[in-house]
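What follows is the content of protein.cif, which has mmCIF, C-alpha atoms:
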data_upload
#
loop_
_atom_site.group_PDB
_atom_site.id
_atom_site.type_symbol
_atom_site.label_atom_id
_atom_site.label_comp_id
_atom_site.auth_asym_id
_atom_site.auth_seq_id
_atom_site.Cartn_x
_atom_site.Cartn_y
_atom_site.Cartn_z
ATOM 1 C CA MET A 1 6.609 -2.814 -107.610
ATOM 2 C CA ALA A 2 5.372 0.732 -108.098
ATOM 3 C CA PHE A 3 4.484 -0.020 -111.725
ATOM 4 C CA SER A 4 2.697 -3.274 -110.979
ATOM 5 C CA ARG A 5 0.636 -1.694 -108.217
ATOM 6 C CA TRP A 6 -1.458 0.220 -110.751
ATOM 7 C CA ALA A 7 -0.744 -1.768 -113.920
ATOM 8 C CA ALA A 8 -2.123 -5.088 -112.640
ATOM 9 C CA PRO A 9 -5.667 -3.802 -111.929
ATOM 10 C CA MET A 10 -5.586 -1.732 -115.128
ATOM 11 C CA PHE A 11 -4.780 -4.775 -117.266
ATOM 12 C CA GLY A 12 -7.447 -6.732 -115.387
ATOM 13 C CA ALA A 13 -10.091 -4.110 -116.154
ATOM 14 C CA ILE A 14 -9.055 -4.004 -119.813
ATOM 15 C CA ALA A 15 -9.325 -7.795 -119.972
ATOM 16 C CA VAL A 16 -12.897 -7.728 -118.660
ATOM 17 C CA VAL A 17 -13.994 -5.057 -121.166
ATOM 18 C CA LEU A 18 -12.347 -6.813 -124.110
ATOM 19 C CA ALA A 19 -13.738 -10.211 -123.085
ATOM 20 C CA LEU A 20 -17.273 -8.882 -122.797
ATOM 21 C CA ALA A 21 -17.016 -7.215 -126.213
ATOM 22 C CA GLY A 22 -15.449 -10.298 -127.786
ATOM 23 C CA LEU A 23 -18.011 -12.686 -126.332
ATOM 24 C CA TRP A 24 -20.918 -10.484 -127.362
ATOM 25 C CA LEU A 25 -19.648 -10.208 -130.954
ATOM 26 C CA GLY A 26 -18.776 -13.894 -131.020
ATOM 27 C CA PHE A 27 -22.096 -15.173 -129.766
ATOM 28 C CA THR A 28 -24.121 -12.814 -131.962
ATOM 29 C CA ALA A 29 -22.174 -13.728 -135.095
ATOM 30 C CA PRO A 30 -23.989 -15.908 -137.648
ATOM 31 C CA GLU A 31 -23.662 -19.677 -137.481
ATOM 32 C CA ASP A 32 -20.950 -21.267 -139.558
ATOM 33 C CA TYR A 33 -22.336 -23.062 -142.621
ATOM 34 C CA GLN A 34 -20.469 -26.265 -141.706
ATOM 35 C CA GLN A 35 -19.945 -26.171 -137.941
ATOM 36 C CA GLY A 36 -23.091 -24.395 -136.826
ATOM 37 C CA ASP A 37 -23.008 -23.020 -133.273
ATOM 38 C CA THR A 38 -20.032 -25.168 -132.298
ATOM 39 C CA VAL A 39 -17.792 -22.692 -134.127
ATOM 40 C CA ARG A 40 -18.230 -20.342 -131.148
ATOM 41 C CA LEU A 41 -15.853 -22.553 -129.154
ATOM 42 C CA MET A 42 -13.181 -20.998 -131.344
ATOM 43 C CA PHE A 43 -13.363 -17.770 -129.345
ATOM 44 C CA ILE A 44 -12.376 -19.645 -126.176
ATOM 45 C CA HIS A 45 -10.102 -22.330 -127.592
ATOM 46 C CA VAL A 46 -7.937 -20.481 -130.090
ATOM 47 C CA PRO A 47 -6.838 -17.611 -127.785
ATOM 48 C CA ALA A 48 -6.036 -20.169 -125.082
ATOM 49 C CA SER A 49 -3.846 -22.016 -127.597
ATOM 50 C CA TRP A 50 -2.095 -18.786 -128.536
ATOM 51 C CA MET A 51 -1.502 -17.954 -124.890
ATOM 52 C CA SER A 52 -0.175 -21.405 -124.028
ATOM 53 C CA MET A 53 2.724 -20.753 -126.408
ATOM 54 C CA PHE A 54 3.132 -17.050 -125.638
ATOM 55 C CA VAL A 55 3.339 -17.626 -121.900
ATOM 56 C CA TYR A 56 5.933 -20.345 -122.392
ATOM 57 C CA ALA A 57 7.965 -17.970 -124.552
ATOM 58 C CA CYS A 58 7.817 -15.459 -121.670
ATOM 59 C CA LEU A 59 8.826 -18.183 -119.210
ATOM 60 C CA ALA A 60 11.756 -19.285 -121.388
ATOM 61 C CA THR A 61 12.943 -15.695 -121.893
ATOM 62 C CA ALA A 62 12.778 -14.966 -118.179
ATOM 63 C CA SER A 63 14.578 -18.246 -117.472
ATOM 64 C CA PHE A 64 17.344 -17.318 -119.911
ATOM 65 C CA LEU A 65 17.820 -13.948 -118.188
ATOM 66 C CA ALA A 66 17.806 -15.618 -114.792
ATOM 67 C CA LEU A 67 20.341 -18.233 -115.884
ATOM 68 C CA VAL A 68 22.733 -15.840 -117.630
ATOM 69 C CA PHE A 69 22.459 -12.723 -115.463
ATOM 70 C CA ARG A 70 21.374 -14.363 -112.184
ATOM 71 C CA HIS A 71 18.627 -11.765 -111.864
ATOM 72 C CA ALA A 72 16.213 -12.555 -109.040
ATOM 73 C CA LEU A 73 13.339 -10.664 -110.669
ATOM 74 C CA ALA A 74 13.701 -12.691 -113.880
ATOM 75 C CA ASP A 75 13.514 -15.905 -111.867
ATOM 76 C CA ALA A 76 10.439 -14.592 -110.046
ATOM 77 C CA ALA A 77 8.839 -13.778 -113.410
ATOM 78 C CA ALA A 78 9.525 -17.285 -114.717
ATOM 79 C CA ARG A 79 8.147 -18.889 -111.588
ATOM 80 C CA ALA A 80 4.990 -16.757 -111.702
ATOM 81 C CA ALA A 81 4.399 -17.529 -115.393
ATOM 82 C CA ALA A 82 4.438 -21.324 -115.058
ATOM 83 C CA PRO A 83 1.028 -21.911 -113.396
ATOM 84 C CA LEU A 84 -0.620 -19.368 -115.687
ATOM 85 C CA GLY A 85 0.801 -21.082 -118.758
ATOM 86 C CA ALA A 86 -0.315 -24.470 -117.463
ATOM 87 C CA ALA A 87 -3.844 -23.111 -116.962
ATOM 88 C CA PHE A 88 -4.024 -21.707 -120.507
ATOM 89 C CA THR A 89 -2.666 -24.961 -121.947
ATOM 90 C CA PHE A 90 -5.169 -27.055 -120.012
ATOM 91 C CA MET A 91 -7.945 -24.766 -121.244
ATOM 92 C CA ALA A 92 -6.733 -25.217 -124.824
ATOM 93 C CA LEU A 93 -6.678 -29.013 -124.473
ATOM 94 C CA PHE A 94 -10.069 -29.189 -122.744
ATOM 95 C CA THR A 95 -11.927 -26.862 -125.120
ATOM 96 C CA GLY A 96 -10.195 -28.514 -128.057
ATOM 97 C CA SER A 97 -11.637 -31.855 -126.981
ATOM 98 C CA LEU A 98 -15.106 -30.319 -126.682
ATOM 99 C CA TRP A 99 -14.771 -28.867 -130.162
ATOM 100 C CA GLY A 100 -13.220 -31.983 -131.652
ATOM 101 C CA ARG A 101 -15.989 -34.360 -130.578
ATOM 102 C CA PRO A 102 -18.738 -32.982 -132.852
ATOM 103 C CA MET A 103 -16.343 -31.982 -135.652
ATOM 104 C CA TRP A 104 -14.035 -35.013 -135.838
ATOM 105 C CA GLY A 105 -16.117 -37.612 -134.025
ATOM 106 C CA THR A 106 -13.515 -38.100 -131.292
ATOM 107 C CA TRP A 107 -12.512 -36.429 -128.043
ATOM 108 C CA TRP A 108 -8.820 -36.995 -128.691
ATOM 109 C CA GLN A 109 -6.556 -37.934 -131.558
ATOM 110 C CA TRP A 110 -2.815 -38.398 -131.293
ATOM 111 C CA ASP A 111 -2.020 -36.054 -134.141
ATOM 112 C CA ALA A 112 1.066 -33.822 -134.138
ATOM 113 C CA ARG A 113 -0.607 -30.604 -132.953
ATOM 114 C CA MET A 114 -2.538 -32.141 -130.047
ATOM 115 C CA THR A 115 0.372 -34.311 -128.947
ATOM 116 C CA SER A 116 2.857 -31.433 -128.975
ATOM 117 C CA VAL A 117 0.479 -29.238 -126.957
ATOM 118 C CA LEU A 118 0.062 -32.071 -124.462
ATOM 119 C CA VAL A 119 3.867 -32.230 -124.208
ATOM 120 C CA LEU A 120 3.851 -28.482 -123.523
ATOM 121 C CA PHE A 121 1.375 -29.008 -120.690
ATOM 122 C CA LEU A 122 3.553 -31.765 -119.220
ATOM 123 C CA VAL A 123 6.615 -29.504 -119.398
ATOM 124 C CA TYR A 124 4.730 -26.843 -117.454
ATOM 125 C CA LEU A 125 3.852 -29.430 -114.809
ATOM 126 C CA ALA A 126 7.442 -30.719 -114.724
ATOM 127 C CA TYR A 127 8.729 -27.165 -114.241
ATOM 128 C CA MET A 128 6.424 -26.586 -111.279
ATOM 129 C CA ALA A 129 7.165 -30.004 -109.791
ATOM 130 C CA LEU A 130 10.912 -29.466 -110.089
ATOM 131 C CA ARG A 131 10.616 -26.049 -108.478
ATOM 132 C CA ALA A 132 8.615 -27.464 -105.581
ATOM 133 C CA SER A 133 10.990 -30.383 -105.035
ATOM 134 C CA LEU A 134 14.127 -28.277 -104.448
ATOM 135 C CA ASP A 135 14.533 -26.312 -101.238
ATOM 136 C CA ASP A 136 17.665 -24.474 -102.315
ATOM 137 C CA GLU A 137 16.469 -21.342 -104.164
ATOM 138 C CA THR A 138 19.631 -21.010 -106.259
ATOM 139 C CA LYS A 139 19.697 -24.650 -107.370
ATOM 140 C CA ALA A 140 15.960 -24.575 -108.103
ATOM 141 C CA ALA A 141 16.295 -21.452 -110.236
ATOM 142 C CA ARG A 142 19.164 -22.934 -112.265
ATOM 143 C CA ALA A 143 17.575 -26.358 -112.763
ATOM 144 C CA CYS A 144 14.215 -24.911 -113.743
ATOM 145 C CA ALA A 145 15.807 -22.411 -116.127
ATOM 146 C CA ILE A 146 17.616 -25.231 -117.941
ATOM 147 C CA LEU A 147 14.396 -27.261 -118.132
ATOM 148 C CA ALA A 148 12.487 -24.255 -119.487
ATOM 149 C CA LEU A 149 15.066 -23.619 -122.201
ATOM 150 C CA VAL A 150 15.108 -27.272 -123.255
ATOM 151 C CA GLY A 151 11.309 -27.301 -123.373
ATOM 152 C CA ALA A 152 11.298 -24.248 -125.653
ATOM 153 C CA VAL A 153 12.321 -26.577 -128.511
ATOM 154 C CA ASN A 154 8.690 -27.716 -128.534
ATOM 155 C CA LEU A 155 7.318 -24.282 -129.495
ATOM 156 C CA PRO A 156 8.250 -24.400 -133.199
ATOM 157 C CA VAL A 157 7.021 -27.994 -133.296
ATOM 158 C CA ILE A 158 3.586 -26.844 -132.126
ATOM 159 C CA LYS A 159 3.548 -23.902 -134.520
ATOM 160 C CA PHE A 160 4.597 -25.769 -137.669
ATOM 161 C CA SER A 161 3.177 -29.209 -136.903
ATOM 162 C CA VAL A 162 0.249 -28.643 -139.263
ATOM 163 C CA ASP A 163 2.723 -27.844 -142.059
ATOM 164 C CA TRP A 164 5.221 -30.617 -141.362
ATOM 165 C CA TRP A 165 2.753 -33.478 -140.826
ATOM 166 C CA ASN A 166 -0.729 -34.502 -141.914
ATOM 167 C CA THR A 167 -2.955 -33.557 -138.959
ATOM 168 C CA LEU A 168 -6.619 -33.005 -138.234
ATOM 169 C CA HIS A 169 -5.935 -29.351 -137.469
ATOM 170 C CA GLN A 170 -6.250 -26.849 -140.273
ATOM 171 C CA GLY A 171 -3.430 -24.468 -141.139
ATOM 172 C CA ALA A 172 -3.089 -20.892 -139.940
ATOM 173 C CA SER A 173 -6.257 -18.854 -140.403
ATOM 174 C CA VAL A 174 -5.334 -15.485 -138.862
ATOM 175 C CA PHE A 175 -1.602 -14.809 -139.057
ATOM 176 C CA ARG A 176 -0.954 -15.541 -142.721
ATOM 177 C CA ALA A 177 1.213 -13.836 -145.324
ATOM 178 C CA ASP A 178 -1.807 -13.333 -147.590
ATOM 179 C CA GLY A 179 -4.095 -12.135 -144.798
ATOM 180 C CA PRO A 180 -6.685 -13.819 -142.561
ATOM 181 C CA ALA A 181 -8.731 -16.653 -144.068
ATOM 182 C CA MET A 182 -11.942 -15.839 -142.203
ATOM 183 C CA THR A 183 -14.635 -13.201 -142.395
ATOM 184 C CA ASN A 184 -14.757 -10.200 -140.069
ATOM 185 C CA ASP A 185 -17.768 -11.758 -138.292
ATOM 186 C CA TYR A 186 -15.332 -14.231 -136.732
ATOM 187 C CA LEU A 187 -12.027 -12.375 -137.011
ATOM 188 C CA TRP A 188 -12.887 -9.367 -134.835
ATOM 189 C CA PRO A 189 -14.307 -11.251 -131.844
ATOM 190 C CA LEU A 190 -11.402 -13.710 -132.068
ATOM 191 C CA LEU A 191 -8.852 -10.876 -131.975
ATOM 192 C CA LEU A 192 -10.701 -9.165 -129.128
ATOM 193 C CA MET A 193 -10.683 -12.387 -127.127
ATOM 194 C CA GLY A 194 -6.986 -12.822 -127.872
ATOM 195 C CA LEU A 195 -6.290 -9.340 -126.505
ATOM 196 C CA ALA A 196 -8.513 -10.086 -123.494
ATOM 197 C CA TYR A 197 -6.516 -13.221 -122.701
ATOM 198 C CA MET A 198 -3.284 -11.265 -123.144
ATOM 199 C CA SER A 199 -4.440 -8.508 -120.787
ATOM 200 C CA ALA A 200 -5.625 -11.059 -118.226
ATOM 201 C CA PHE A 201 -2.248 -12.757 -118.356
ATOM 202 C CA GLY A 202 -0.475 -9.421 -117.918
ATOM 203 C CA SER A 203 -2.551 -8.654 -114.842
ATOM 204 C CA LEU A 204 -2.152 -12.078 -113.239
ATOM 205 C CA TRP A 205 1.544 -12.247 -114.105
ATOM 206 C CA LEU A 206 2.241 -8.940 -112.381
ATOM 207 C CA VAL A 207 0.278 -10.107 -109.340
ATOM 208 C CA GLY A 208 2.265 -13.355 -109.318
ATOM 209 C CA ILE A 209 5.609 -11.550 -109.597
ATOM 210 C CA ARG A 210 4.618 -9.229 -106.762
ATOM 211 C CA ALA A 211 3.754 -12.266 -104.639
ATOM 212 C CA GLN A 212 7.172 -13.785 -105.358
ATOM 213 C CA VAL A 213 8.929 -10.541 -104.419
ATOM 214 C CA TRP A 214 7.007 -10.267 -101.145
ATOM 215 C CA ARG A 215 7.706 -13.921 -100.379
ATOM 216 C CA ARG A 216 11.427 -13.449 -100.851
ATOM 217 C CA ARG A 217 11.410 -10.311 -98.739
ATOM 218 C CA ALA A 218 9.567 -12.136 -95.974
ATOM 219 C CA GLU A 219 12.008 -15.060 -96.110
ATOM 220 C CA ALA A 220 14.980 -12.695 -96.012
ATOM 221 C CA ALA A 221 13.504 -10.838 -93.030
ATOM 222 C CA ALA A 222 12.838 -14.115 -91.209
ATOM 223 C CA LEU A 223 16.415 -15.232 -91.876
ATOM 224 C CA ARG A 224 17.813 -11.983 -90.520
ATOM 225 C CA ALA A 225 15.630 -12.282 -87.437
ATOM 226 C CA ALA A 226 16.769 -15.863 -86.855
ATOM 227 C CA ARG A 227 20.397 -14.775 -87.008
ATOM 228 C CA GLY A 228 19.705 -12.183 -84.354
#
Rewritten as structure tokens:
Amino acid sequence: MAFSRWAAPMFGAIAVVLALAGLWLGFTAPEDYQQGDTVRLMFIHVPASWMSMFVYACLATASFLALVFRHALADAAARAAAPLGAAFTFMALFTGSLWGRPMWGTWWQWDARMTSVLVLFLVYLAYMALRASLDDETKAARACAILALVGAVNLPVIKFSVDWWNTLHQGASVFRADGPAMTNDYLWPLLLMGLAYMSAFGSLWLVGIRAQVWRRRAEAAALRAARG
């Protein structure tokens, strides 16, 4: 709690600075020779896609720790991550549709990458719905942890879908063994936006965990008061 008190606003401030720098570089970069100005959606869409998977990895890790070690803070971290991951995944799906319409001529295509990301979004929603449907905190934590770990099977499917199947999505352009496949005009603002999203998540996650801790403390105090 002492760490998050100063770390959350610090990460938030870093996110704002990085986002402003990334957006300025992104929107002053030259037009793409094929995609024109629509390529600038990349700076919003791609980091959101990265974060949709990263946040779920955090959720699954926290769920594993909560399930194995019965650690209340790990469960609070998993619970706080779920709505943030759902928001990033929705942003990835929405901006992907906006980008896909002029590039592919369709708002949606049931290819492997888009379908697996949609499944990820539905798993996020199922996690939150399951959590809300169970009143018993212990049972909710265990059931949601199991669901989160089962859903983690989808992460490698999303990552390697463009390699395993024929999809509309191109292969990896940044994290490649032979180096990025894009010029610095696009690479630097994309990386800055990725770091901005990461910092924003760190800030909001800490705020969410703090809220869960305070909620549990308030419930425990109310229970003690009710018992006299």
List every protein, DNA or RNA residue that has an atom no more than 6 Å from (-8.9, -7.6, -118.0) in the file's coordinate frame, counting all atoms listed in the file, and report them as a ChimeraX atom specification. /A:11-16,199-200
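Computed from the coordinates, the atom CA of Leu206 of chain A to atom CA of Trp6 of chain A distance equals 10.0 Å.
Residues in contact with segment 25-32 of chain A at up to 8 Å, not including ones fewer than 5 positions away on its chain and judged by all atoms listed in the file, are Asp37, Val39, Arg40, Phe43, Asp185, Tyr186, Trp188, Pro189 and Leu190 of chain A.
Non-sequential neighbours of Met114 of chain A (distance at most 12 Å, separation of 3 or more positions within a chain, only C-alpha atoms) are Ser49, Thr89, Phe90, Ala92, Leu93, Phe94, Thr95, Gly96, Ser97, Gly100, Trp107, Trp108, Gln109, Trp110, Asp111, Val117, Leu118, Val119, Leu120, Phe121, Val157, Ile158, Lys159, Ser161, Val162, Thr167, Leu168 and His169 of chain A.
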Run the PyMOL selection byres ((chain A and resi 81) around 8) on the file and write out the hits as a ChimeraX atom specification. /A:55-56,58-59,77-80,82-85,205,208
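The residue that comes closest to Trp24 of chain A, out of A:Met193, A:Met53, A:Trp165, A:Ala211 and on the basis of all atoms listed in the file, is A:Met193.
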Pick the closest to Leu192 of chain A from A:Leu20, A:Leu67, A:Ala7, A:Met1: which is it, counting all atoms listed in the file? A:Leu20
Can I get segment 17-28 of chain A with all heavy atoms filled in, as a PDB file, keeping the file's coordinate frame?
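As written to disk, out_15.pdb reads:
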ATOM      1  N   VAL A  17     -13.300  -5.803-120.108  1.00  0.00           N
ATOM      2  CA  VAL A  17     -13.994  -5.057-121.166  1.00  0.00           C
ATOM      3  C   VAL A  17     -13.828  -5.752-122.517  1.00  0.00           C
ATOM      4  O   VAL A  17     -14.800  -5.934-123.267  1.00  0.00           O
ATOM      5  CB  VAL A  17     -13.461  -3.610-121.232  1.00  0.00           C
ATOM      6  CG1 VAL A  17     -14.048  -2.877-122.439  1.00  0.00           C
ATOM      7  CG2 VAL A  17     -13.800  -2.856-119.949  1.00  0.00           C
ATOM      8  N   LEU A  18     -12.598  -6.144-122.828  1.00  0.00           N
ATOM      9  CA  LEU A  18     -12.347  -6.813-124.110  1.00  0.00           C
ATOM     10  C   LEU A  18     -13.057  -8.157-124.190  1.00  0.00           C
ATOM     11  O   LEU A  18     -13.598  -8.527-125.243  1.00  0.00           O
ATOM     12  CB  LEU A  18     -10.847  -7.006-124.307  1.00  0.00           C
ATOM     13  CG  LEU A  18     -10.016  -5.748-124.559  1.00  0.00           C
ATOM     14  CD1 LEU A  18      -8.530  -6.084-124.572  1.00  0.00           C
ATOM     15  CD2 LEU A  18     -10.419  -5.089-125.865  1.00  0.00           C
ATOM     16  N   ALA A  19     -13.077  -8.903-123.083  1.00  0.00           N
ATOM     17  CA  ALA A  19     -13.738 -10.211-123.085  1.00  0.00           C
ATOM     18  C   ALA A  19     -15.242 -10.064-123.286  1.00  0.00           C
ATOM     19  O   ALA A  19     -15.851 -10.840-124.040  1.00  0.00           O
ATOM     20  CB  ALA A  19     -13.446 -10.948-121.777  1.00  0.00           C
ATOM     21  N   LEU A  20     -15.836  -9.103-122.627  1.00  0.00           N
ATOM     22  CA  LEU A  20     -17.273  -8.882-122.797  1.00  0.00           C
ATOM     23  C   LEU A  20     -17.608  -8.506-124.237  1.00  0.00           C
ATOM     24  O   LEU A  20     -18.572  -9.013-124.820  1.00  0.00           O
ATOM     25  CB  LEU A  20     -17.756  -7.798-121.838  1.00  0.00           C
ATOM     26  CG  LEU A  20     -17.772  -8.163-120.344  1.00  0.00           C
ATOM     27  CD1 LEU A  20     -18.149  -6.953-119.501  1.00  0.00           C
ATOM     28  CD2 LEU A  20     -18.723  -9.322-120.083  1.00  0.00           C
ATOM     29  N   ALA A  21     -16.787  -7.614-124.821  1.00  0.00           N
ATOM     30  CA  ALA A  21     -17.016  -7.215-126.213  1.00  0.00           C
ATOM     31  C   ALA A  21     -16.800  -8.394-127.158  1.00  0.00           C
ATOM     32  O   ALA A  21     -17.598  -8.623-128.084  1.00  0.00           O
ATOM     33  CB  ALA A  21     -16.089  -6.060-126.583  1.00  0.00           C
ATOM     34  N   GLY A  22     -15.733  -9.161-126.923  1.00  0.00           N
ATOM     35  CA  GLY A  22     -15.449 -10.298-127.786  1.00  0.00           C
ATOM     36  C   GLY A  22     -16.514 -11.370-127.706  1.00  0.00           C
ATOM     37  O   GLY A  22     -16.925 -11.933-128.732  1.00  0.00           O
ATOM     38  N   LEU A  23     -16.979 -11.671-126.496  1.00  0.00           N
ATOM     39  CA  LEU A  23     -18.011 -12.686-126.332  1.00  0.00           C
ATOM     40  C   LEU A  23     -19.329 -12.239-126.952  1.00  0.00           C
ATOM     41  O   LEU A  23     -20.042 -13.042-127.580  1.00  0.00           O
ATOM     42  CB  LEU A  23     -18.198 -13.014-124.849  1.00  0.00           C
ATOM     43  CG  LEU A  23     -17.048 -13.789-124.188  1.00  0.00           C
ATOM     44  CD1 LEU A  23     -17.286 -13.904-122.689  1.00  0.00           C
ATOM     45  CD2 LEU A  23     -16.906 -15.180-124.798  1.00  0.00           C
ATOM     46  N   TRP A  24     -19.664 -10.975-126.779  1.00  0.00           N
ATOM     47  CA  TRP A  24     -20.918 -10.484-127.362  1.00  0.00           C
ATOM     48  C   TRP A  24     -20.873 -10.568-128.890  1.00  0.00           C
ATOM     49  O   TRP A  24     -21.814 -11.066-129.512  1.00  0.00           O
ATOM     50  CB  TRP A  24     -21.166  -9.037-126.933  1.00  0.00           C
ATOM     51  CG  TRP A  24     -22.495  -8.519-127.418  1.00  0.00           C
ATOM     52  CD1 TRP A  24     -23.722  -8.746-126.873  1.00  0.00           C
ATOM     53  CD2 TRP A  24     -22.719  -7.712-128.581  1.00  0.00           C
ATOM     54  NE1 TRP A  24     -24.707  -8.125-127.615  1.00  0.00           N
ATOM     55  CE2 TRP A  24     -24.115  -7.486-128.673  1.00  0.00           C
ATOM     56  CE3 TRP A  24     -21.876  -7.158-129.547  1.00  0.00           C
ATOM     57  CZ2 TRP A  24     -24.670  -6.728-129.687  1.00  0.00           C
ATOM     58  CZ3 TRP A  24     -22.436  -6.402-130.564  1.00  0.00           C
ATOM     59  CH2 TRP A  24     -23.820  -6.202-130.635  1.00  0.00           C
ATOM     60  N   LEU A  25     -19.768 -10.122-129.494  1.00  0.00           N
ATOM     61  CA  LEU A  25     -19.648 -10.208-130.954  1.00  0.00           C
ATOM     62  C   LEU A  25     -19.593 -11.659-131.413  1.00  0.00           C
ATOM     63  O   LEU A  25     -20.164 -12.010-132.446  1.00  0.00           O
ATOM     64  CB  LEU A  25     -18.387  -9.464-131.409  1.00  0.00           C
ATOM     65  CG  LEU A  25     -18.407  -7.940-131.321  1.00  0.00           C
ATOM     66  CD1 LEU A  25     -17.060  -7.367-131.710  1.00  0.00           C
ATOM     67  CD2 LEU A  25     -19.506  -7.359-132.212  1.00  0.00           C
ATOM     68  N   GLY A  26     -18.910 -12.498-130.627  1.00  0.00           N
ATOM     69  CA  GLY A  26     -18.776 -13.894-131.020  1.00  0.00           C
ATOM     70  C   GLY A  26     -20.080 -14.654-130.966  1.00  0.00           C
ATOM     71  O   GLY A  26     -20.385 -15.452-131.866  1.00  0.00           O
ATOM     72  N   PHE A  27     -20.862 -14.409-129.928  1.00  0.00           N
ATOM     73  CA  PHE A  27     -22.096 -15.173-129.766  1.00  0.00           C
ATOM     74  C   PHE A  27     -23.287 -14.547-130.483  1.00  0.00           C
ATOM     75  O   PHE A  27     -24.365 -15.124-130.490  1.00  0.00           O
ATOM     76  CB  PHE A  27     -22.396 -15.357-128.279  1.00  0.00           C
ATOM     77  CG  PHE A  27     -21.561 -16.430-127.649  1.00  0.00           C
ATOM     78  CD1 PHE A  27     -20.320 -16.138-127.110  1.00  0.00           C
ATOM     79  CD2 PHE A  27     -21.984 -17.743-127.632  1.00  0.00           C
ATOM     80  CE1 PHE A  27     -19.533 -17.126-126.548  1.00  0.00           C
ATOM     81  CE2 PHE A  27     -21.211 -18.741-127.081  1.00  0.00           C
ATOM     82  CZ  PHE A  27     -19.978 -18.433-126.537  1.00  0.00           C
ATOM     83  N   THR A  28     -23.080 -13.388-131.101  1.00  0.00           N
ATOM     84  CA  THR A  28     -24.121 -12.814-131.962  1.00  0.00           C
ATOM     85  C   THR A  28     -23.750 -12.943-133.439  1.00  0.00           C
ATOM     86  O   THR A  28     -24.520 -12.526-134.302  1.00  0.00           O
ATOM     87  CB  THR A  28     -24.357 -11.325-131.627  1.00  0.00           C
ATOM     88  OG1 THR A  28     -23.116 -10.598-131.726  1.00  0.00           O
ATOM     89  CG2 THR A  28     -24.925 -11.172-130.229  1.00  0.00           C
TER      90      THR A  28
END
